[in-house]
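Visitor: Have a peek at entry-v4.tsv (TSV, C-alpha atoms and all ligand atoms).
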chain	number	residue	atom	x	y	z
A	1	MET	CA	26.53	0.40	3.06
A	2	SER	CA	25.70	-2.06	5.81
A	3	PHE	CA	27.01	-5.60	5.47
A	4	THR	CA	23.31	-6.57	5.58
A	5	ILE	CA	21.86	-6.29	2.11
A	6	VAL	CA	18.12	-5.60	2.02
A	7	GLU	CA	16.46	-8.10	-0.27
A	8	GLN	CA	13.71	-6.45	-2.32
A	9	CYS	CA	10.33	-8.16	-2.59
A	10	GLN	CA	8.84	-9.02	-5.98
A	11	ALA	CA	8.45	-5.75	-7.91
A	12	ARG	CA	4.85	-4.85	-8.73
A	13	LEU	CA	3.22	-1.64	-9.77
A	14	ASN	CA	1.04	-0.65	-6.80
A	15	ARG	CA	0.05	2.98	-7.43
A	16	SER	CA	-3.66	2.30	-7.00
A	17	GLU	CA	-5.21	-0.50	-4.97
A	18	LEU	CA	-8.95	-0.73	-5.55
A	19	ALA	CA	-11.10	-2.09	-2.72
A	20	VAL	CA	-14.06	-4.18	-3.89
A	21	PRO	CA	-16.56	-5.89	-1.56
A	22	GLY	CA	-16.78	-9.63	-2.21
A	23	SER	CA	-20.49	-9.43	-1.47
A	24	ASN	CA	-21.09	-7.48	-4.69
A	25	PRO	CA	-20.49	-9.49	-7.91
A	26	THR	CA	-21.39	-6.50	-10.14
A	27	PHE	CA	-18.67	-4.37	-8.54
A	28	MET	CA	-16.19	-7.21	-9.06
A	29	GLU	CA	-17.12	-7.45	-12.75
A	30	LYS	CA	-16.58	-3.70	-13.13
A	31	ALA	CA	-13.28	-3.87	-11.24
A	32	ALA	CA	-11.96	-6.44	-13.72
A	33	THR	CA	-11.87	-3.72	-16.39
A	34	SER	CA	-10.61	-0.89	-14.19
A	35	ALA	CA	-7.23	0.82	-14.51
A	36	ALA	CA	-6.22	-0.24	-10.98
A	37	ASP	CA	-2.76	-1.73	-10.58
A	38	VAL	CA	-3.93	-3.95	-7.71
A	39	ILE	CA	-7.45	-5.01	-6.77
A	40	PHE	CA	-8.34	-6.44	-3.40
A	41	LEU	CA	-11.54	-8.41	-3.08
A	42	ASP	CA	-12.77	-7.84	0.42
A	43	LEU	CA	-14.09	-10.40	2.86
A	44	GLU	CA	-13.49	-8.28	5.95
A	45	ASP	CA	-14.96	-4.93	6.94
A	46	ALA	CA	-16.98	-4.15	3.79
A	47	VAL	CA	-18.90	-7.43	4.21
A	48	ALA	CA	-21.60	-7.93	6.87
A	49	PRO	CA	-21.36	-11.10	9.01
A	50	ASP	CA	-24.42	-12.67	7.37
A	51	ASP	CA	-22.86	-12.21	3.91
A	52	LYS	CA	-19.40	-13.61	4.69
A	53	VAL	CA	-20.00	-17.13	3.39
A	54	GLN	CA	-21.67	-15.96	0.17
A	55	ALA	CA	-18.93	-13.34	-0.37
A	56	ARG	CA	-16.31	-16.10	-0.20
A	57	LYS	CA	-18.19	-18.07	-2.87
A	58	ASN	CA	-18.57	-14.95	-5.03
A	59	ILE	CA	-14.84	-14.30	-4.83
A	60	ILE	CA	-13.96	-17.86	-5.83
A	61	GLU	CA	-16.25	-17.51	-8.84
A	62	ALA	CA	-14.90	-14.09	-9.76
A	63	LEU	CA	-11.28	-15.26	-9.52
A	64	ASN	CA	-11.98	-18.27	-11.71
A	65	ASP	CA	-14.40	-16.82	-14.24
A	66	LEU	CA	-13.54	-13.17	-14.88
A	67	ASP	CA	-10.76	-12.00	-17.16
A	68	TRP	CA	-8.58	-9.84	-14.89
A	69	GLY	CA	-5.88	-9.17	-17.48
A	70	SER	CA	-2.54	-8.27	-15.96
A	71	ARG	CA	-4.00	-6.76	-12.78
A	72	THR	CA	-2.56	-7.95	-9.50
A	73	LEU	CA	-5.24	-9.71	-7.44
A	74	SER	CA	-5.50	-9.81	-3.69
A	75	ILE	CA	-8.10	-10.93	-1.17
A	76	ARG	CA	-8.56	-9.25	2.19
A	77	ILE	CA	-9.25	-12.12	4.55
A	78	ASN	CA	-11.04	-11.77	7.86
A	79	GLY	CA	-9.03	-11.13	11.00
A	80	LEU	CA	-7.01	-13.89	12.63
A	81	ASP	CA	-9.25	-13.53	15.68
A	82	THR	CA	-12.36	-14.63	13.75
A	83	HIS	CA	-13.52	-18.10	12.76
A	84	TYR	CA	-14.05	-16.91	9.18
A	85	MET	CA	-10.36	-16.59	8.52
A	86	TYR	CA	-9.34	-20.23	8.10
A	87	ARG	CA	-12.07	-20.93	5.55
A	88	ASP	CA	-11.27	-17.72	3.67
A	89	VAL	CA	-7.74	-18.99	3.23
A	90	VAL	CA	-8.40	-22.72	2.72
A	91	ASP	CA	-11.43	-22.44	0.43
A	92	ILE	CA	-10.08	-19.65	-1.76
A	93	ILE	CA	-6.58	-21.04	-2.24
A	94	GLU	CA	-7.86	-24.58	-2.81
A	95	GLN	CA	-10.51	-23.49	-5.29
A	96	ALA	CA	-8.93	-20.49	-7.01
A	97	GLY	CA	-5.36	-20.16	-5.67
A	98	GLN	CA	-3.78	-20.19	-9.14
A	99	HIS	CA	-5.43	-16.80	-9.87
A	100	LEU	CA	-4.41	-15.15	-6.62
A	101	ASP	CA	-1.27	-13.03	-6.25
A	102	LEU	CA	-1.59	-11.66	-2.73
A	103	ILE	CA	-3.39	-12.10	0.57
A	104	MET	CA	-4.09	-8.95	2.54
A	105	ILE	CA	-3.88	-9.51	6.28
A	106	PRO	CA	-5.96	-6.99	8.24
A	107	LYS	CA	-5.03	-5.77	11.72
A	108	ALA	CA	-1.68	-7.55	11.69
A	109	GLY	CA	-0.53	-7.32	15.30
A	110	THR	CA	2.59	-9.44	15.76
A	111	ALA	CA	5.16	-11.34	13.70
A	112	ALA	CA	3.50	-14.55	14.96
A	113	ASP	CA	0.30	-13.62	13.08
A	114	ILE	CA	2.24	-13.63	9.83
A	115	TYR	CA	4.12	-16.81	10.74
A	116	ALA	CA	0.88	-18.66	11.47
A	117	LEU	CA	-0.65	-17.64	8.15
A	118	ASP	CA	2.55	-18.47	6.28
A	119	MET	CA	2.39	-22.01	7.68
A	120	LEU	CA	-1.23	-22.46	6.64
A	121	VAL	CA	-0.71	-21.03	3.14
A	122	THR	CA	2.42	-23.12	2.62
A	123	GLN	CA	0.58	-26.33	3.48
A	124	ILE	CA	-2.30	-25.54	1.12
A	125	GLU	CA	0.01	-24.51	-1.72
A	126	ASP	CA	2.08	-27.68	-1.31
A	127	ASN	CA	-0.98	-29.88	-1.19
A	128	MET	CA	-2.50	-28.21	-4.27
A	129	LYS	CA	0.90	-28.27	-6.04
A	130	LEU	CA	0.55	-24.57	-6.81
A	131	GLU	CA	3.58	-23.26	-8.62
A	132	LYS	CA	3.07	-19.61	-7.83
A	133	ARG	CA	3.86	-18.50	-4.29
A	134	ILE	CA	1.20	-16.15	-2.88
A	135	GLY	CA	2.55	-12.93	-1.35
A	136	PHE	CA	1.36	-11.09	1.76
A	137	GLU	CA	0.35	-7.48	2.26
A	138	MET	CA	-0.24	-6.48	5.87
A	139	ILE	CA	-2.46	-3.66	7.05
A	140	ILE	CA	-0.87	-1.80	9.94
A	141	GLU	CA	-3.96	-0.42	11.61
A	142	THR	CA	-3.73	-1.07	15.32
A	143	ALA	CA	-1.52	0.28	18.08
A	144	LEU	CA	-0.16	-3.28	18.54
A	145	GLY	CA	0.66	-3.58	14.83
A	146	MET	CA	2.40	-0.21	14.78
A	147	ALA	CA	4.37	-1.08	17.92
A	148	ASN	CA	5.54	-4.29	16.20
A	149	VAL	CA	5.78	-2.96	12.66
A	150	ASN	CA	9.45	-3.85	12.16
A	151	GLU	CA	9.02	-7.45	13.29
A	152	ILE	CA	5.89	-7.80	11.14
A	153	ALA	CA	7.76	-6.46	8.10
A	154	GLY	CA	10.49	-9.07	8.51
A	155	ALA	CA	8.25	-11.99	9.50
A	156	SER	CA	7.97	-13.87	6.18
A	157	LYS	CA	9.59	-14.19	2.79
A	158	ARG	CA	6.08	-13.82	1.37
A	159	ASN	CA	5.82	-10.25	2.62
A	160	GLU	CA	5.47	-7.64	-0.13
A	161	ALA	CA	3.74	-4.57	1.31
A	162	LEU	CA	2.70	-2.69	4.43
A	163	HIS	CA	-0.51	-0.64	4.24
A	164	PHE	CA	-1.60	2.13	6.58
A	165	GLY	CA	-5.21	1.51	7.66
A	166	VAL	CA	-6.06	4.93	8.94
A	167	ALA	CA	-9.64	4.22	10.10
A	168	ASP	CA	-8.90	1.26	12.33
A	169	TYR	CA	-5.68	2.91	13.47
A	170	ALA	CA	-7.63	5.96	14.63
A	171	ALA	CA	-10.04	3.69	16.50
A	172	SER	CA	-7.27	1.62	18.04
A	173	THR	CA	-5.28	4.63	19.23
A	174	LYS	CA	-8.51	6.35	20.34
A	175	ALA	CA	-7.71	9.36	18.18
A	176	ARG	CA	-10.40	12.05	18.34
A	177	THR	CA	-11.69	11.84	14.76
A	178	THR	CA	-14.51	10.06	12.95
A	179	VAL	CA	-13.43	10.66	9.34
A	180	ILE	CA	-11.40	8.19	7.26
A	181	GLY	CA	-8.05	9.84	6.56
A	182	GLY	CA	-7.11	13.44	5.83
A	183	PRO	CA	-6.26	16.28	8.18
A	184	ASN	CA	-8.09	17.44	11.28
A	185	LYS	CA	-8.69	21.08	12.17
A	186	ASP	CA	-7.84	20.41	15.82
A	187	TYR	CA	-4.36	19.21	14.89
A	188	HIS	CA	-2.83	22.61	14.34
A	189	VAL	CA	-0.28	25.05	15.69
A	190	LEU	CA	-1.06	28.67	16.49
A	191	THR	CA	1.67	31.16	15.66
A	192	ASP	CA	2.71	33.84	18.12
A	193	ALA	CA	0.90	37.13	17.60
A	194	ASP	CA	2.47	39.54	15.08
A	195	THR	CA	2.80	43.24	15.87
A	196	ASP	CA	-0.92	43.73	15.12
A	197	GLY	CA	-1.86	40.91	17.45
A	198	ASN	CA	-2.83	38.55	14.62
A	199	ARG	CA	-2.17	34.83	14.98
A	200	ASP	CA	-2.14	32.26	12.17
A	201	VAL	CA	-3.50	28.74	12.35
A	202	HIS	CA	-1.35	26.14	10.53
A	203	TRP	CA	-2.97	22.77	10.04
A	204	GLY	CA	-0.64	19.85	10.68
A	205	ASP	CA	-0.91	16.27	9.43
A	206	MET	CA	-1.96	14.01	12.28
A	207	TRP	CA	-0.96	10.94	10.21
A	208	HIS	CA	2.62	12.00	9.57
A	209	TYR	CA	4.17	9.92	12.34
A	210	PRO	CA	2.48	6.54	11.69
A	211	ILE	CA	2.94	6.78	7.91
A	212	ALA	CA	6.60	7.78	8.24
A	213	LYS	CA	7.19	4.98	10.75
A	214	MET	CA	5.53	2.42	8.48
A	215	VAL	CA	7.50	3.62	5.43
A	216	VAL	CA	10.79	3.12	7.26
A	217	ALA	CA	9.81	-0.39	8.41
A	218	ALA	CA	8.69	-1.35	4.90
A	219	ARG	CA	11.83	-0.05	3.21
A	220	ALA	CA	14.12	-1.61	5.81
A	221	TYR	CA	12.74	-5.01	4.77
A	222	GLY	CA	12.43	-4.38	1.02
A	223	LEU	CA	8.63	-4.00	1.03
A	224	ARG	CA	6.26	-1.49	-0.61
A	225	PRO	CA	4.69	1.07	1.74
A	226	ILE	CA	1.11	1.85	0.67
A	227	ASP	CA	-1.19	4.55	2.01
A	228	GLY	CA	-4.68	3.32	2.89
A	229	PRO	CA	-8.16	4.76	2.45
A	230	PHE	CA	-9.41	8.32	2.06
A	231	GLY	CA	-13.10	8.13	2.82
A	232	ASP	CA	-14.43	11.32	1.25
A	233	PHE	CA	-14.62	10.19	-2.37
A	234	SER	CA	-16.31	13.44	-3.39
A	235	ASP	CA	-13.15	15.38	-2.45
A	236	PRO	CA	-10.53	14.66	-5.15
A	237	ASP	CA	-8.43	17.64	-4.00
A	238	GLY	CA	-8.27	16.26	-0.46
A	239	TYR	CA	-7.34	12.85	-1.89
A	240	ALA	CA	-4.61	14.43	-4.00
A	241	ALA	CA	-3.19	16.38	-1.06
A	242	GLN	CA	-3.06	13.25	1.12
A	243	SER	CA	-1.46	11.27	-1.74
A	244	LYS	CA	1.18	13.93	-2.27
A	245	ARG	CA	2.07	13.86	1.42
A	246	SER	CA	2.39	10.09	1.57
A	247	SER	CA	4.24	9.78	-1.75
A	248	THR	CA	6.66	12.49	-0.61
A	249	LEU	CA	7.39	10.35	2.44
A	250	GLY	CA	8.02	7.27	0.27
A	251	CYS	CA	4.67	5.51	-0.19
A	252	GLU	CA	4.28	3.83	-3.60
A	253	GLY	CA	0.53	3.98	-3.84
A	254	LYS	CA	-2.81	4.46	-2.19
A	255	TRP	CA	-6.11	2.69	-1.81
A	256	ALA	CA	-9.06	3.63	-3.95
A	257	ILE	CA	-12.23	2.99	-1.99
A	258	HIS	CA	-14.21	4.30	-4.98
A	259	PRO	CA	-13.48	3.77	-8.69
A	260	SER	CA	-13.11	7.54	-9.16
A	261	GLN	CA	-9.94	7.45	-7.03
A	262	VAL	CA	-8.12	4.94	-9.27
A	263	GLU	CA	-6.98	7.34	-12.01
A	264	LEU	CA	-6.09	9.92	-9.38
A	265	ALA	CA	-3.82	7.45	-7.59
A	266	ASN	CA	-2.23	6.24	-10.83
A	267	ASP	CA	-1.43	9.81	-11.73
A	268	LEU	CA	-0.34	11.03	-8.30
A	269	PHE	CA	2.00	8.07	-7.69
A	270	SER	CA	3.69	8.31	-11.10
A	271	PRO	CA	6.68	10.63	-11.29
A	272	SER	CA	6.03	13.65	-13.51
A	273	GLU	CA	7.86	14.04	-16.82
A	274	GLU	CA	9.63	17.04	-15.33
A	275	ASP	CA	10.87	14.99	-12.34
A	276	VAL	CA	12.10	12.19	-14.60
A	277	THR	CA	13.92	14.58	-16.94
A	278	LYS	CA	15.62	16.23	-13.97
A	279	ALA	CA	16.58	12.83	-12.55
A	280	GLN	CA	18.09	11.81	-15.92
A	281	ARG	CA	20.11	15.05	-16.01
A	282	ILE	CA	21.45	14.32	-12.51
A	283	ILE	CA	22.52	10.82	-13.55
A	284	GLU	CA	24.23	12.16	-16.71
A	285	ALA	CA	25.99	14.94	-14.78
A	286	MET	CA	27.23	12.49	-12.18
A	287	GLU	CA	28.43	10.00	-14.82
A	288	GLN	CA	30.45	12.81	-16.35
A	289	ALA	CA	31.74	13.84	-12.91
A	290	GLN	CA	32.85	10.31	-12.16
A	291	LYS	CA	34.70	10.11	-15.51
A	292	GLU	CA	36.54	13.24	-14.41
A	293	GLY	CA	37.31	11.66	-11.03
A	294	LYS	CA	35.00	13.98	-9.10
A	295	GLY	CA	32.62	12.84	-6.32
A	296	ALA	CA	30.45	15.95	-6.34
A	297	VAL	CA	29.58	18.68	-8.88
A	298	ALA	CA	27.17	21.57	-9.28
A	299	LEU	CA	24.06	21.25	-11.42
A	300	ASP	CA	21.79	24.28	-11.87
A	301	GLY	CA	23.59	25.98	-9.00
A	302	ARG	CA	23.06	23.08	-6.55
A	303	LEU	CA	25.40	20.48	-5.19
A	304	ILE	CA	24.88	16.91	-6.31
A	305	ASP	CA	26.95	13.89	-5.27
A	306	ILE	CA	26.88	10.09	-5.36
A	307	ALA	CA	23.77	9.96	-3.12
A	308	SER	CA	22.01	12.11	-5.73
A	309	ILE	CA	22.46	9.29	-8.28
A	310	LYS	CA	20.57	6.92	-5.99
A	311	GLN	CA	17.78	9.46	-5.46
A	312	ALA	CA	17.53	10.05	-9.19
A	313	GLU	CA	17.55	6.32	-9.94
A	314	VAL	CA	14.45	5.82	-7.74
A	315	MET	CA	12.58	8.22	-10.02
A	316	VAL	CA	13.91	6.79	-13.30
A	317	GLN	CA	13.32	3.17	-12.24
A	318	LYS	CA	9.71	3.96	-11.30
A	319	ALA	CA	9.15	5.62	-14.69
A	320	GLU	CA	10.62	2.53	-16.43
A	321	GLN	CA	8.41	0.19	-14.37
A	322	ILE	CA	5.31	2.18	-15.39
A	323	LYS	CA	6.36	2.16	-19.04
A	324	ALA	CA	7.00	-1.58	-19.00
A	325	ALA	CA	3.52	-2.18	-17.56
A	326	GLY	CA	2.07	-0.38	-20.58
A	401	LIG	C1	-8.57	0.07	6.55
A	401	LIG	O1	-8.81	-1.09	6.67
A	401	LIG	C2	-8.73	1.02	7.60
A	401	LIG	O2	-9.12	0.59	8.69
A	401	LIG	O3	-8.49	2.21	7.36
A	402	MG	MG	-9.38	-1.56	8.68
What is this file in structure tokens?
Ligand code: GLV
Ligand code: MG

Guide:
Amino acid sequence: MSFTIVEQCQARLNRSELAVPGSNPTFMEKAATSAADVIFLDLEDAVAPDDKVQARKNIIEALNDLDWGSRTLSIRINGLDTHYMYRDVVDIIEQAGQHLDLIMIPKAGTAADIYALDMLVTQIEDNMKLEKRIGFEMIIETALGMANVNEIAGASKRNEALHFGVADYAASTKARTTVIGGPNKDYHVLTDADTDGNRDVHWGDMWHYPIAKMVVAARAYGLRPIDGPFGDFSDPDGYAAQSKRSSTLGCEGKWAIHPSQVELANDLFSPSEEDVTKAQRIIEAMEQAQKEGKGAVALDGRLIDIASIKQAEVMVQKAEQIKAAG
């Protein structure tokens, strides 16, 4: 173990994160009863410029007046390069800050972006004598943000999560795709010809590298890595496949840009009963091994050692977190 201990951010269940436009009060009312672990009320890209001011007012009302139960609440503010941003932060924290858990920062580009926002939020919280400290979730969705992802992850004690914003990331890197998330038929390998001259096409995952890079940065700083949107809400199988890829890499959850994706995400980012049972067996086998003074043993014909305990504990702890949340 390094002498540097990674401090973990506040633990929250974040399997599903439902996006709700602040310009639509009916959608916000519906969201307040949804099964989403986290809900972000959007002021940014789902809201047209002419609706920004009204959306801010709607969000203040919704935060104050709706019963959100135990759901974690976030607002996606406008970008730091827009004049909307300061009022998003000042007005919402001053008028409804006690109901807000997180601020989602879109297009985070440098550690200084996070620092600047931390300063502003700290001043408002102090002035309003808010007891709860609001956390930050940053969307990594530009080439600049991805280039600086490690510095962004470590930029503030408020930081809780990094999100992969696949649509803006594709635009920023000038990737040749117009869909929001999922694979691309042009990103494939062609096998050599077999003896009959046949060649197979194997689709690859064009998002593997940025998601893996973001997961590492998030975990190195004790944050939650979260996979962003999957635009085709009429393709639950495609959503499930993307979720399985990102959860396999270490993501804890995924956006739901449509209510129908919430249950899918909750399910796909929960460990299966089979996985949890296996993890418990590994822990028991290793406890027994350690009693016998052994560092490694065989379980079901496979080697397990002390690292296996840590892998298994990830699974068991997640299952316990889900159970505790009811
Ligand atoms: C999310 O904001 C995205 O750009 O994908
Ligand atoms: Mg975006």

Visitor: Residues at most 9 Å from A:Ala96, counting only C-alpha atoms, excluding those fewer than 5 positions away in the same chain, as a VMD selection string?

Guide: chain A and resid 59 to 61 63 to 64 91

Visitor: A:Arg76, A:Lys132, A:Lys323, A:Arg219: which is nearest A:Gly97, counting all atoms listed in the file?

Guide: A:Lys132

Visitor: Kindly give the distance, in Å, that separates atom CA of A:Ile92 and atom CA of A:Arg224, rounded to a single decimal.

Guide: 24.5 Å

Visitor: How many Å separate atom CA of A:Pro183 from atom CA of A:Leu223?

Guide: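 Taking atom CA of A:Pro183 and atom CA of A:Leu223, their separation equals 26.2 Å.
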
Visitor: Using atom CA of A:Ala319 and atom CA of A:Val149 as the two end points, give the distance in Å to one decimal.

Guide: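 Those two atoms sit 28.9 Å apart.
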
Visitor: Within 10 Å of A:Ser70, counting only C-alpha atoms, which residues show up once you throw out same-chain ones fewer than 6 positions away? Write them as a short mmCIF file (atom, residue, chain, number, x, y, z; two decimals) with C-alpha atoms, in the frame of the given file, please.

Guide:
data_model
loop_
_atom_site.label_atom_id
_atom_site.label_comp_id
_atom_site.auth_asym_id
_atom_site.auth_seq_id
_atom_site.Cartn_x
_atom_site.Cartn_y
_atom_site.Cartn_z
CA ALA A 32 -11.96 -6.44 -13.72
CA ASP A 37 -2.76 -1.73 -10.58
CA VAL A 38 -3.93 -3.95 -7.71
CA ALA A 325 3.52 -2.18 -17.56
#

Visitor: Residues near A:Met85, anyone? I mean within 10 Å using all atoms listed in the file, not counting same-chain ones fewer than 6 positions away, as a PyMOL selection string.

Guide: chain A and resi 43-44+76-79+105+117

Visitor: Quick one: residues within 7 Å of ligand LIG 401 (chain A), with only C-alpha atoms and all ligand atoms, as a list in words?

Guide: Pro106, Ile139, Glu141, Phe164, Gly165, Val166, Ala167, Asp168, Tyr169, Ile180, Gly228 and Pro229 of chain A

Visitor: Is it possible to get the residues within 12 Å of (-1.2, -29.3, -9.0) (coordinates as in the file, counting only C-alpha atoms) written as number ranges by chain?

Guide: A: 93-98, 124-132

Visitor: Skipping near chain neighbours, those fewer than 6 positions away, what residues fall within 12 Å of A:Val189 using only C-alpha atoms, listed as an NGL selection string?

Guide: :A and (199-206)

Visitor: Using only C-alpha atoms and a cutoff of 10 Å, can you tell me which residues are near (8.4, -12.8, 0.1) in the file's coordinates, and write them out as a ChimeraX atom specification?

Guide: /A:7-10,133-137,154-161,222-223

Visitor: From the options A:Phe269, A:Tyr209, A:Trp255, A:Tyr86, which residue's atoms come nearest to ligand MG 402 (chain A), counting all atoms listed in the file?

Guide: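 So, comparing all the options, the nearest one is A:Trp255.
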
Visitor: With all atoms listed in the file as the basis for distance, which of A:Ile257, A:Ala62, A:Leu264, A:Ile5 is at the shortest distance from ligand MG 402 (chain A)?

Guide: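 That would be A:Ile257, the residue with the smallest distance to ligand MG 402 (chain A).
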
Visitor: With distances taken over all atoms listed in the file, which of A:Leu41, A:Val262, A:Cys251, A:Ile304 is nearest to A:Arg281?

Guide: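 Ranked by minimum distance to A:Arg281, first place goes to A:Ile304.
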